[in-house]
$ cat input_15.cif   # mmCIF, C-alpha atoms
data_upload
loop_
_atom_site.group_PDB
_atom_site.id
_atom_site.type_symbol
_atom_site.label_atom_id
_atom_site.label_comp_id
_atom_site.auth_asym_id
_atom_site.auth_seq_id
_atom_site.Cartn_x
_atom_site.Cartn_y
_atom_site.Cartn_z
ATOM 1 C CA MET A 1449 35.675 -77.624 13.864
ATOM 2 C CA LEU A 1450 36.249 -76.667 17.464
ATOM 3 C CA ASN A 1451 33.650 -78.021 19.851
ATOM 4 C CA VAL A 1452 33.069 -76.131 23.088
ATOM 5 C CA PRO A 1453 30.851 -78.315 25.267
ATOM 6 C CA ARG A 1454 29.630 -75.504 27.525
ATOM 7 C CA THR A 1455 29.611 -71.734 27.009
ATOM 8 C CA LYS A 1456 28.703 -68.979 29.453
ATOM 9 C CA ASN A 1457 25.083 -69.636 28.410
ATOM 10 C CA GLU A 1458 25.506 -73.277 29.434
ATOM 11 C CA GLU A 1459 25.084 -74.353 25.812
ATOM 12 C CA PRO A 1460 27.540 -76.063 23.477
ATOM 13 C CA ILE A 1461 28.942 -74.221 20.484
ATOM 14 C CA HIS A 1462 30.699 -75.506 17.388
ATOM 15 C CA VAL A 1463 33.231 -73.109 15.912
ATOM 16 C CA LEU A 1464 34.327 -73.509 12.318
ATOM 17 C CA LEU A 1465 38.065 -73.004 11.864
ATOM 18 C CA ASN A 1466 39.965 -71.832 8.821
ATOM 19 C CA ASP A 1467 43.121 -73.563 7.567
ATOM 20 C CA ALA A 1468 45.465 -71.240 9.500
ATOM 21 C CA ALA A 1469 43.720 -71.979 12.795
ATOM 22 C CA VAL A 1470 43.800 -75.737 12.178
ATOM 23 C CA ALA A 1471 47.520 -75.559 11.315
ATOM 24 C CA ALA A 1472 48.238 -73.616 14.531
ATOM 25 C CA LEU A 1473 46.310 -76.161 16.606
ATOM 26 C CA ARG A 1474 48.253 -79.003 14.989
ATOM 27 C CA VAL A 1475 51.535 -77.355 15.990
ATOM 28 C CA VAL A 1476 50.396 -76.907 19.595
ATOM 29 C CA HIS A 1477 48.978 -80.438 19.701
ATOM 30 C CA SER A 1478 52.237 -81.936 18.410
ATOM 31 C CA ARG A 1479 54.102 -80.374 21.350
ATOM 32 C CA GLY A 1480 51.986 -82.309 23.843
ATOM 33 C CA GLU A 1481 51.445 -85.987 24.518
ATOM 34 C CA GLY A 1482 48.831 -86.295 21.777
ATOM 35 C CA LYS A 1483 45.943 -86.872 24.154
ATOM 36 C CA GLY A 1484 43.683 -84.804 26.341
ATOM 37 C CA ARG A 1485 43.343 -81.077 26.055
ATOM 38 C CA VAL A 1486 45.468 -79.249 23.528
ATOM 39 C CA PHE A 1487 46.407 -76.365 25.824
ATOM 40 C CA GLN A 1488 48.141 -77.195 29.071
ATOM 41 C CA SER A 1489 49.943 -75.126 31.663
ATOM 42 C CA ALA A 1490 53.671 -74.907 30.977
ATOM 43 C CA LYS A 1491 54.235 -74.823 34.756
ATOM 44 C CA THR A 1492 51.937 -77.574 36.001
ATOM 45 C CA GLY A 1493 50.952 -79.575 32.918
ATOM 46 C CA GLU A 1494 47.307 -79.230 33.941
ATOM 47 C CA PRO A 1495 44.719 -78.479 31.248
ATOM 48 C CA LEU A 1496 43.934 -74.804 30.806
ATOM 49 C CA GLU A 1497 40.297 -73.993 31.383
ATOM 50 C CA ASN A 1498 40.420 -70.700 29.465
ATOM 51 C CA GLY A 1499 42.807 -68.198 27.943
ATOM 52 C CA ARG A 1500 43.018 -66.085 31.091
ATOM 53 C CA HIS A 1501 45.940 -68.255 32.234
ATOM 54 C CA TRP A 1502 48.192 -66.819 29.574
ATOM 55 C CA PHE A 1503 46.466 -63.984 27.707
ATOM 56 C CA ASP A 1504 47.123 -61.092 30.081
ATOM 57 C CA ASP A 1505 50.806 -62.027 30.450
ATOM 58 C CA ALA A 1506 51.221 -62.413 26.671
ATOM 59 C CA ALA A 1507 49.590 -59.029 25.981
ATOM 60 C CA ALA A 1508 51.803 -57.356 28.598
ATOM 61 C CA GLU A 1509 54.942 -59.014 27.211
ATOM 62 C CA ALA A 1510 54.008 -57.830 23.701
ATOM 63 C CA GLN A 1511 53.466 -54.342 25.177
ATOM 64 C CA ILE A 1512 49.874 -54.227 23.968
ATOM 65 C CA LYS A 1513 47.903 -51.852 26.135
ATOM 66 C CA ASN A 1514 44.130 -51.648 26.621
ATOM 67 C CA PHE A 1515 43.460 -54.982 24.946
ATOM 68 C CA ARG A 1516 41.049 -57.445 26.502
ATOM 69 C CA TRP A 1517 40.206 -61.070 25.798
ATOM 70 C CA HIS A 1518 36.824 -60.101 24.345
ATOM 71 C CA ASP A 1519 38.545 -57.788 21.839
ATOM 72 C CA LEU A 1520 39.554 -60.955 19.961
ATOM 73 C CA ARG A 1521 35.890 -61.712 19.190
ATOM 74 C CA HIS A 1522 35.314 -58.134 18.112
ATOM 75 C CA THR A 1523 38.368 -58.243 15.825
ATOM 76 C CA PHE A 1524 37.197 -61.542 14.312
ATOM 77 C CA ALA A 1525 33.726 -60.174 13.585
ATOM 78 C CA SER A 1526 34.988 -56.797 12.394
ATOM 79 C CA ARG A 1527 37.445 -58.308 9.924
ATOM 80 C CA LEU A 1528 34.787 -60.611 8.515
ATOM 81 C CA ARG A 1529 32.399 -57.688 8.112
ATOM 82 C CA MET A 1530 35.037 -55.534 6.386
ATOM 83 C CA LYS A 1531 35.536 -58.396 3.916
ATOM 84 C CA GLY A 1532 31.811 -58.287 3.120
ATOM 85 C CA ALA A 1533 30.562 -61.247 5.156
ATOM 86 C CA PRO A 1534 26.797 -61.071 5.740
ATOM 87 C CA LEU A 1535 25.710 -60.243 9.288
ATOM 88 C CA GLU A 1536 23.708 -63.470 9.478
ATOM 89 C CA ASP A 1537 26.848 -65.544 8.857
ATOM 90 C CA ILE A 1538 28.853 -63.566 11.404
ATOM 91 C CA ALA A 1539 26.061 -64.053 13.955
ATOM 92 C CA ASP A 1540 26.144 -67.806 13.333
ATOM 93 C CA LEU A 1541 29.929 -67.939 13.728
ATOM 94 C CA LEU A 1542 29.818 -65.946 16.965
ATOM 95 C CA GLY A 1543 26.918 -67.953 18.344
ATOM 96 C CA HIS A 1544 24.625 -64.944 18.645
ATOM 97 C CA LYS A 1545 20.974 -65.854 19.024
ATOM 98 C CA SER A 1546 19.817 -62.677 17.301
ATOM 99 C CA LEU A 1547 21.259 -60.067 14.974
ATOM 100 C CA THR A 1548 20.960 -57.378 17.641
ATOM 101 C CA MET A 1549 24.437 -58.024 19.038
ATOM 102 C CA THR A 1550 25.962 -58.624 15.617
ATOM 103 C CA THR A 1551 24.697 -55.329 14.210
ATOM 104 C CA ARG A 1552 27.372 -53.598 16.295
ATOM 105 C CA TYR A 1553 29.738 -54.603 13.500
ATOM 106 C CA ALA A 1554 27.485 -53.407 10.660
ATOM 107 C CA HIS A 1555 29.108 -49.993 10.361
ATOM 108 C CA LEU A 1556 32.345 -51.679 9.328
ATOM 109 C CA GLY A 1557 30.867 -53.394 6.305
ATOM 110 C CA PRO A 1558 31.084 -52.290 2.712
ATOM 111 C CA SER A 1559 28.537 -49.582 2.153
ATOM 112 C CA LYS A 1560 25.741 -50.727 -0.101
ATOM 113 C CA LEU A 1561 24.072 -47.377 0.436
ATOM 114 C CA HIS A 1562 26.634 -45.688 -1.813
ATOM 115 C CA ALA A 1563 25.047 -47.441 -4.786
ATOM 116 C CA VAL A 1564 21.645 -46.173 -3.678
ATOM 117 C CA VAL A 1565 22.658 -42.515 -3.400
ATOM 118 C CA SER A 1566 24.523 -42.833 -6.694
ATOM 119 C CA LEU A 1567 21.119 -43.187 -8.346
ATOM 120 C CA LEU A 1568 20.752 -39.432 -7.829
ATOM 121 C CA ARG A 1569 22.680 -38.067 -10.793
ATOM 122 C CA PRO A 1570 22.176 -34.920 -12.860
ATOM 123 C CA SER A 1571 19.277 -35.526 -15.176
ATOM 124 C CA ASP A 1572 19.628 -35.559 -18.965
ATOM 125 C CA THR A 1573 16.776 -33.067 -19.092
ATOM 126 C CA THR A 1574 16.929 -29.595 -17.687
ATOM 127 C CA SER A 1575 14.468 -27.875 -15.428
ATOM 128 C CA ASP A 1576 14.453 -25.007 -12.997
ATOM 129 C CA THR A 1577 15.586 -27.374 -10.221
ATOM 130 C CA SER A 1578 18.338 -29.048 -12.240
ATOM 131 C CA PRO A 1579 21.859 -28.018 -11.334
ATOM 132 C CA ASN A 1580 23.778 -26.347 -14.117
ATOM 133 C CA GLU A 1581 27.437 -26.868 -14.934
ATOM 134 C CA ALA A 1582 28.495 -23.762 -12.981
ATOM 135 C CA SER A 1583 26.759 -24.800 -9.774
ATOM 136 C CA ILE A 1584 28.167 -28.324 -9.952
ATOM 137 C CA SER A 1585 31.740 -27.108 -10.398
ATOM 138 C CA SER A 1586 31.464 -24.543 -7.599
ATOM 139 C CA LEU A 1587 29.975 -26.897 -4.994
ATOM 140 C CA GLN A 1588 32.238 -27.289 -2.015
ATOM 141 C CA VAL A 1589 31.795 -29.416 1.079
ATOM 142 C CA VAL A 1590 33.603 -28.509 4.283
ATOM 143 C CA VAL A 1591 34.064 -31.221 6.876
ATOM 144 C CA GLN A 1592 35.416 -30.205 10.249
#

$ encode --input "input_15.cif" --output "structure tokens"
Amino acid sequence: MLNVPRTKNEEPIHVLLNDAAVAALRVVHSRGEGKGRVFQSAKTGEPLENGRHWFDDAAAEAQIKNFRWHDLRHTFASRLRMKGAPLEDIADLLGHKSLTMTTRYAHLGPSKLHAVVSLLRPSDTTSDTSPNEASISSLQVVVQ
């Protein structure tokens, strides 16, 4: 778990980390003196207060254009949502106080509505409003 003592809202946040993140932090930590902050300036040795000290330079060196620090949070949330994580869990992980902000990622989730519209199938009985075989086979949808 990563503990951030003060966020932009002046509140602490505790971020759960997966195994890959913990392994990466162990590598970075082993390069240092084993005490104090994990991330330090390569030039001065001073602790880094935030990722702005290196992020912009790293993105430019990797030739990544139009990518901002906050895009990392969006990517994190989007990938979780595409894997089917519930919005409530994503909100908790991001530290959102309400689902309003988190719902921005909802469109990326697996569509449960497909199962709902799939309930509308041709009926086993026939009526004047039931589609016949000819009309079903000739139905075309044009998307532009």

$ atom_distance --input "input_15.cif" --atom1 "CA of Leu1465 in chain A" --atom2 "CA of Leu1450 in chain A"
6.9 Å

$ closest_residue --input "input_15.cif" --among "A:Glu1497, A:Asn1451, A:Gly1557, A:Ser1546" --to "Ala1525 in chain A" --atoms "only C-alpha atoms"
A:Gly1557

$ closest_residue --input "input_15.cif" --among "A:Ile1461, A:Val1452, A:Ala1472, A:Met1530" --to "Asn1498 in chain A" --atoms "only C-alpha atoms"
A:Val1452

$ residues_around --input "input_15.cif" --residues "Ile1538 in chain A" --least-positions-apart "5" --cutoff "9 Å" --atoms "only C-alpha atoms" --output "number ranges by chain"
A: 1525, 1528-1529, 1533, 1543-1544, 1550

$ atom_distance --input "input_15.cif" --atom1 "CA of Asp1504 in chain A" --atom2 "CA of Arg1516 in chain A"
7.9 Å

$ axis_aligned_box --input "input_15.cif" --around "range 1551-1562 of chain A" --padding-each-side "8 Å" --output "AutoDock Vina command-line options"
--center_x 28.2 --center_y -50.5 --center_z 7.2 --size_x 24.3 --size_y 25.6 --size_z 34.1

$ atom_distance --input "input_15.cif" --atom1 "CA of Arg1521 in chain A" --atom2 "CA of Leu1542 in chain A"
7.7 Å

$ residues_around --input "input_15.cif" --residues "Met1449 in chain A" --least-positions-apart "3" --cutoff "10 Å" --atoms "all atoms listed in the file" --output "list in words"
Val1452, His1462, Val1463, Leu1464, Leu1465, Asn1466, Ala1469 and Val1470 of chain A

$ write_last_selection --input "input_15.cif" --atoms "C-alpha atoms" --output "mmCIF file, keeping the file's coordinate frame"
data_model
loop_
_atom_site.group_PDB
_atom_site.id
_atom_site.type_symbol
_atom_site.label_atom_id
_atom_site.label_comp_id
_atom_site.auth_asym_id
_atom_site.auth_seq_id
_atom_site.Cartn_x
_atom_site.Cartn_y
_atom_site.Cartn_z
ATOM 1 C CA VAL A 1452 33.069 -76.131 23.088
ATOM 2 C CA HIS A 1462 30.699 -75.506 17.388
ATOM 3 C CA VAL A 1463 33.231 -73.109 15.912
ATOM 4 C CA LEU A 1464 34.327 -73.509 12.318
ATOM 5 C CA LEU A 1465 38.065 -73.004 11.864
ATOM 6 C CA ASN A 1466 39.965 -71.832 8.821
ATOM 7 C CA ALA A 1469 43.720 -71.979 12.795
ATOM 8 C CA VAL A 1470 43.800 -75.737 12.178
#

$ closest_residue --input "input_15.cif" --among "A:Thr1551, A:Phe1503, A:His1477, A:Phe1524" --to "Glu1536 in chain A" --atoms "all atoms listed in the file"
A:Thr1551
